[in-house]
>>> print(open('final08.tsv').read())   # TSV, C-alpha atoms
chain	number	residue	atom	x	y	z
S	1	MET	CA	-10.54	-34.41	7.83
S	2	LYS	CA	-11.95	-30.90	8.27
S	3	LEU	CA	-13.04	-28.92	5.25
S	4	LEU	CA	-10.85	-25.94	4.36
S	5	PRO	CA	-13.49	-23.24	5.15
S	6	GLU	CA	-14.10	-24.85	8.56
S	7	SER	CA	-10.37	-24.86	9.35
S	8	ILE	CA	-10.03	-21.21	8.33
S	9	LEU	CA	-13.09	-20.18	10.35
S	10	GLN	CA	-11.94	-22.11	13.41
S	11	HIS	CA	-8.56	-20.34	13.29
S	12	ALA	CA	-10.23	-16.96	12.69
S	13	GLN	CA	-12.51	-17.39	15.69
S	14	SER	CA	-9.56	-18.31	17.94
S	15	LEU	CA	-8.00	-14.87	17.39
S	16	ALA	CA	-8.59	-11.87	19.67
S	17	GLU	CA	-10.80	-9.06	18.36
S	18	GLY	CA	-9.09	-7.40	15.40
S	19	GLY	CA	-6.75	-10.35	14.72
S	20	VAL	CA	-5.90	-10.51	11.02
S	21	LEU	CA	-5.81	-13.49	8.65
S	22	SER	CA	-3.71	-13.84	5.55
S	23	PRO	CA	-4.14	-16.48	2.81
S	24	LYS	CA	-0.48	-17.51	3.27
S	25	GLU	CA	-1.31	-18.88	6.74
S	26	PHE	CA	-3.34	-21.67	5.13
S	27	LEU	CA	-1.12	-22.78	2.24
S	28	HIS	CA	-0.18	-25.93	4.18
S	29	LEU	CA	-3.84	-27.00	3.92
S	30	ALA	CA	-4.54	-26.37	0.21
S	31	SER	CA	-3.42	-24.54	-2.92
S	32	ARG	CA	-3.47	-20.73	-3.04
S	33	ALA	CA	-6.47	-20.81	-5.41
S	34	ALA	CA	-8.45	-23.04	-3.02
S	35	VAL	CA	-7.54	-20.87	-0.02
S	36	ASP	CA	-8.57	-17.69	-1.89
S	37	GLN	CA	-11.84	-19.32	-2.91
S	38	ALA	CA	-12.60	-20.42	0.68
S	39	LEU	CA	-11.82	-16.94	2.03
S	40	SER	CA	-14.02	-15.39	-0.67
S	41	ARG	CA	-16.91	-17.73	0.19
S	42	LEU	CA	-16.59	-17.01	3.95
S	43	THR	CA	-16.60	-13.27	3.17
S	44	LYS	CA	-19.75	-13.55	1.02
S	45	GLU	CA	-21.44	-15.49	3.85
S	46	GLY	CA	-20.57	-12.68	6.28
S	47	LYS	CA	-18.36	-14.91	8.43
S	48	LEU	CA	-15.23	-12.89	7.55
S	49	LEU	CA	-14.61	-9.26	6.56
S	50	ARG	CA	-12.03	-8.33	3.93
S	51	VAL	CA	-10.35	-5.14	5.20
S	52	VAL	CA	-7.79	-4.83	2.42
S	53	ARG	CA	-6.53	-7.12	-0.34
S	54	GLY	CA	-5.19	-10.32	1.23
S	55	THR	CA	-6.23	-9.41	4.79
S	56	TYR	CA	-9.34	-10.63	6.59
S	57	VAL	CA	-10.83	-10.25	10.07
S	58	THR	CA	-13.67	-11.91	11.97
S	59	PRO	CA	-16.76	-9.79	12.68
S	60	VAL	CA	-17.59	-9.39	16.37
S	61	SER	CA	-20.91	-10.88	17.50
S	62	SER	CA	-22.91	-9.33	20.31
S	63	ARG	CA	-26.52	-9.38	21.42
S	64	PHE	CA	-27.09	-6.42	19.09
S	65	GLY	CA	-25.87	-8.35	16.04
S	66	THR	CA	-22.49	-8.36	14.37
S	67	ARG	CA	-20.11	-5.46	13.88
S	68	ALA	CA	-16.65	-4.91	12.47
S	69	PRO	CA	-13.81	-5.19	15.01
S	70	ALA	CA	-12.46	-1.95	16.51
S	71	PRO	CA	-10.25	-0.33	13.81
S	72	GLU	CA	-7.39	0.41	16.24
S	73	LYS	CA	-7.20	-3.31	17.15
S	74	VAL	CA	-7.03	-4.31	13.48
S	75	VAL	CA	-4.39	-1.64	12.79
S	76	GLN	CA	-2.28	-2.93	15.72
S	77	ALA	CA	-2.62	-6.55	14.56
S	78	LEU	CA	-1.72	-5.56	11.00
S	79	ALA	CA	1.36	-3.66	12.25
S	80	ALA	CA	2.45	-6.70	14.29
S	81	GLN	CA	2.00	-8.98	11.26
S	82	THR	CA	3.85	-6.74	8.77
S	83	GLY	CA	6.47	-5.31	11.13
S	84	GLU	CA	5.41	-1.74	10.32
S	85	VAL	CA	5.54	1.10	12.83
S	86	VAL	CA	2.04	2.57	13.16
S	87	ALA	CA	1.11	5.67	15.16
S	88	PRO	CA	-1.99	7.84	15.48
S	89	HIS	CA	-2.33	10.71	13.01
S	90	GLY	CA	-1.06	14.04	14.33
S	91	ALA	CA	-4.58	15.43	14.82
S	92	ASN	CA	-5.58	12.41	16.94
S	93	ALA	CA	-2.31	12.59	18.88
S	94	ALA	CA	-2.76	16.33	19.50
S	95	ASN	CA	-6.29	15.71	20.79
S	96	ALA	CA	-5.18	12.82	23.03
S	97	LEU	CA	-2.36	14.97	24.46
S	98	GLY	CA	-4.74	17.87	25.20
S	99	LEU	CA	-3.26	20.20	22.57
S	100	THR	CA	-6.49	20.64	20.61
S	101	GLN	CA	-10.23	20.04	20.96
S	102	GLN	CA	-10.52	19.16	17.27
S	103	LEU	CA	-11.16	15.58	16.31
S	104	PRO	CA	-10.67	14.49	12.71
S	105	ILE	CA	-13.74	13.16	10.90
S	106	ARG	CA	-11.82	10.35	9.18
S	107	GLN	CA	-9.75	7.83	11.07
S	108	VAL	CA	-6.14	8.09	9.89
S	109	TYR	CA	-3.02	6.36	11.15
S	110	LEU	CA	0.58	7.02	10.12
S	111	THR	CA	2.63	4.05	8.98
S	112	SER	CA	6.17	3.20	7.94
S	113	GLY	CA	4.57	0.97	5.27
S	114	ARG	CA	2.71	1.98	2.14
S	115	THR	CA	-0.42	4.14	2.09
S	116	ARG	CA	-3.67	2.15	1.89
S	117	LYS	CA	-7.32	2.16	2.90
S	118	LEU	CA	-8.88	-0.43	5.18
S	119	LYS	CA	-12.62	-1.07	4.87
S	120	PHE	CA	-14.82	-1.92	7.85
S	121	GLY	CA	-18.24	-2.34	6.31
S	122	ARG	CA	-19.23	1.23	5.45
S	123	ALA	CA	-16.45	2.79	7.53
S	124	GLU	CA	-12.97	3.41	6.18
S	125	VAL	CA	-9.61	3.82	7.90
S	126	MET	CA	-6.61	5.31	6.14
S	127	LEU	CA	-3.04	4.13	6.74
S	128	LYS	CA	-0.87	6.95	5.45
S	129	HIS	CA	2.85	6.58	4.80
S	130	ALA	CA	4.89	8.93	7.00
S	131	PRO	CA	8.58	9.88	6.91
S	132	ARG	CA	10.92	7.88	9.16
S	133	TRP	CA	11.60	10.78	11.58
S	134	MET	CA	7.88	11.09	12.35
S	135	LEU	CA	7.71	7.46	13.55
S	136	ALA	CA	11.20	7.16	15.04
S	137	LEU	CA	9.92	7.31	18.64
S	138	GLY	CA	7.24	4.66	18.07
S	139	SER	CA	3.67	4.78	19.32
S	140	GLY	CA	4.28	5.84	22.95
S	141	LEU	CA	3.68	9.33	24.36
S	142	ALA	CA	6.95	10.79	23.01
S	143	GLY	CA	6.13	9.40	19.56
S	144	ALA	CA	2.61	10.81	19.77
S	145	ALA	CA	4.11	14.19	20.72
S	146	VAL	CA	6.26	14.20	17.56
S	147	CYS	CA	3.22	13.38	15.37
S	148	ALA	CA	1.18	16.08	17.13
S	149	LEU	CA	3.93	18.70	16.73
S	150	ALA	CA	4.32	17.85	13.03
S	151	TRP	CA	0.56	18.35	12.58
S	152	ILE	CA	0.53	21.62	14.60
S	153	GLY	CA	3.45	23.02	12.59
S	154	PRO	CA	6.08	25.71	13.24
S	155	THR	CA	3.65	28.58	13.91
S	156	HIS	CA	2.16	27.17	17.13
S	157	VAL	CA	4.89	24.75	18.18
S	158	GLY	CA	6.06	26.92	21.12
S	159	GLU	CA	2.76	26.91	23.01
S	160	ALA	CA	2.23	23.21	22.25
S	161	LEU	CA	5.66	22.38	23.70
S	162	ALA	CA	4.99	24.43	26.83
S	163	THR	CA	1.87	22.29	27.40
S	164	LEU	CA	3.71	19.04	26.64
S	165	HIS	CA	6.56	19.98	28.99
S	166	SER	CA	4.10	20.24	31.88
S	167	THR	CA	1.89	17.24	30.97
S	168	LEU	CA	4.25	14.56	29.64
S	169	PRO	CA	5.84	12.24	32.23
S	170	PRO	CA	9.52	13.26	32.74
S	171	SER	CA	10.82	10.09	31.03
S	172	ASP	CA	8.78	10.82	27.88
S	173	TRP	CA	9.86	14.48	27.89
S	174	GLN	CA	13.48	13.26	28.16
S	175	THR	CA	12.93	10.86	25.23
S	176	LEU	CA	11.52	13.71	23.15
S	177	THR	CA	14.37	16.13	23.95
S	178	SER	CA	17.07	13.51	23.35
S	179	ALA	CA	15.65	12.73	19.88
S	180	ARG	CA	16.12	16.30	18.59
S	181	ALA	CA	18.88	15.33	16.14
S	182	THR	CA	16.46	13.12	14.17
S	183	LEU	CA	13.73	15.78	13.88
S	184	PRO	CA	13.27	18.67	11.40
S	185	SER	CA	15.23	21.83	12.30
S	186	TRP	CA	12.19	23.92	13.29
S	187	MET	CA	10.99	21.24	15.71
S	188	ALA	CA	14.46	20.50	17.13
S	189	ARG	CA	15.04	24.23	17.78
S	190	ALA	CA	11.66	24.66	19.49
S	191	ILE	CA	12.18	21.59	21.70
S	192	GLY	CA	15.68	22.83	22.66
S	193	GLU	CA	14.33	26.28	23.56
S	194	GLU	CA	11.55	24.80	25.71
S	195	ALA	CA	14.02	22.44	27.44
S	196	ILE	CA	16.26	25.41	28.39
S	197	ARG	CA	13.24	27.40	29.61
S	198	GLY	CA	12.07	24.52	31.83
>>> encode(input="final08.tsv", output="structure tokens")
Amino acid sequence: MKLLPESILQHAQSLAEGGVLSPKEFLHLASRAAVDQALSRLTKEGKLLRVVRGTYVTPVSSRFGTRAPAPEKVVQALAAQTGEVVAPHGANAANALGLTQQLPIRQVYLTSGRTRKLKFGRAEVMLKHAPRWMLALGSGLAGAAVCALAWIGPTHVGEALATLHSTLPPSDWQTLTSARATLPSWMARAIGEEAIRG
């Protein structure tokens, strides 16, 4: 019979980069205390990284040594495991959509879950709770547009929408305009005005 740490490590290494482990996945092998102890030992040995309480990932090995997995892959895996909706922060979304040249210094994602920090060695990623309307369109282009517009705010929403109207694929623009009823009044009004203009 395999030892508990070996079983955990074998499972961890079978996951894609950024795949997350939870102690509950191993309760069929041993008691919670034994599982926690094995995870703690594997973390101390550098074979696992603890990103947040109760969540572990496998470091990625390359010819340059080991590194933490890409934060966006861990965030996606965590969202899939918890059932949360996760989207890029408005500043990241605005940059990706060509609405700003600014790039935030800290990596922040919006989540339907609770606010928490994930640690990747010395780097940190913030998952910040966002209101339901901000995540209602998910993590596609229309959803990113909502996050970007929320970050840009009412003062510059008109020019941002003019850009989005010309750059978003028609289906995503349609998704954005048809979701007006779920958005704050200032955003819904601006989207409606841009839709009429176009």
>>> closest_residue(input="final08.tsv", among="S:Ala77, S:Val20, S:Ala136, S:Ala190", to="His156 in chain S", atoms="all atoms listed in the file")
S:Ala190
>>> closest_residue(input="final08.tsv", among="S:Val57, S:Ala16, S:Leu135, S:Leu4", to="Ser31 in chain S", atoms="only C-alpha atoms")
S:Leu4
>>> closest_residue(input="final08.tsv", among="S:Gly153, S:Gly138, S:Leu99, S:Ala123", to="Thr167 in chain S", atoms="only C-alpha atoms")
S:Leu99
>>> closest_residue(input="final08.tsv", among="S:Lys44, S:Arg114, S:Arg189, S:Arg197", to="Thr82 in chain S", atoms="only C-alpha atoms")
S:Arg114
>>> atom_distance(input="final08.tsv", atom1="CA of Pro69 in chain S", atom2="CA of Glu17 in chain S")
5.9 Å
>>> residues_around(input="final08.tsv", residues="Glu25 in chain S", least_positions_apart="4", cutoff="10 Å", atoms="all atoms listed in the file", output="PyMOL selection string")
chain S and resi 8+11+21+29+35
>>> atom_distance(input="final08.tsv", atom1="CA of Ala195 in chain S", atom2="CA of Asn92 in chain S")
24.4 Å
>>> atom_distance(input="final08.tsv", atom1="CA of Thr111 in chain S", atom2="CA of Val125 in chain S")
12.3 Å
>>> closest_residue(input="final08.tsv", among="S:Trp186, S:Trp133, S:Phe120, S:Trp151", to="Ala70 in chain S", atoms="all atoms listed in the file")
S:Phe120
>>> residues_around(input="final08.tsv", residues="Leu103 in chain S", least_positions_apart="6", cutoff="10 Å", atoms="all atoms listed in the file", output="PyMOL selection string")
chain S and resi 91-96
>>> residues_near_point(input="final08.tsv", point="(8.7, 21.1, 13.4)", cutoff="8 Å", atoms="all atoms listed in the file", output="PDB file with C-alpha atoms, in the coordinates of the input")
ATOM      1  CA  LEU S 149       3.930  18.700  16.730  1.00  0.00           C
ATOM      2  CA  ALA S 150       4.320  17.850  13.030  1.00  0.00           C
ATOM      3  CA  GLY S 153       3.450  23.020  12.590  1.00  0.00           C
ATOM      4  CA  PRO S 154       6.080  25.710  13.240  1.00  0.00           C
ATOM      5  CA  VAL S 157       4.890  24.750  18.180  1.00  0.00           C
ATOM      6  CA  LEU S 183      13.730  15.780  13.880  1.00  0.00           C
ATOM      7  CA  PRO S 184      13.270  18.670  11.400  1.00  0.00           C
ATOM      8  CA  SER S 185      15.230  21.830  12.300  1.00  0.00           C
ATOM      9  CA  TRP S 186      12.190  23.920  13.290  1.00  0.00           C
ATOM     10  CA  MET S 187      10.990  21.240  15.710  1.00  0.00           C
ATOM     11  CA  ALA S 188      14.460  20.500  17.130  1.00  0.00           C
ATOM     12  CA  ALA S 190      11.660  24.660  19.490  1.00  0.00           C
TER      13      ALA S 190
END
>>> closest_residue(input="final08.tsv", among="S:Leu9, S:Leu15, S:Leu137, S:Val75", to="Gln107 in chain S", atoms="all atoms listed in the file")
S:Val75
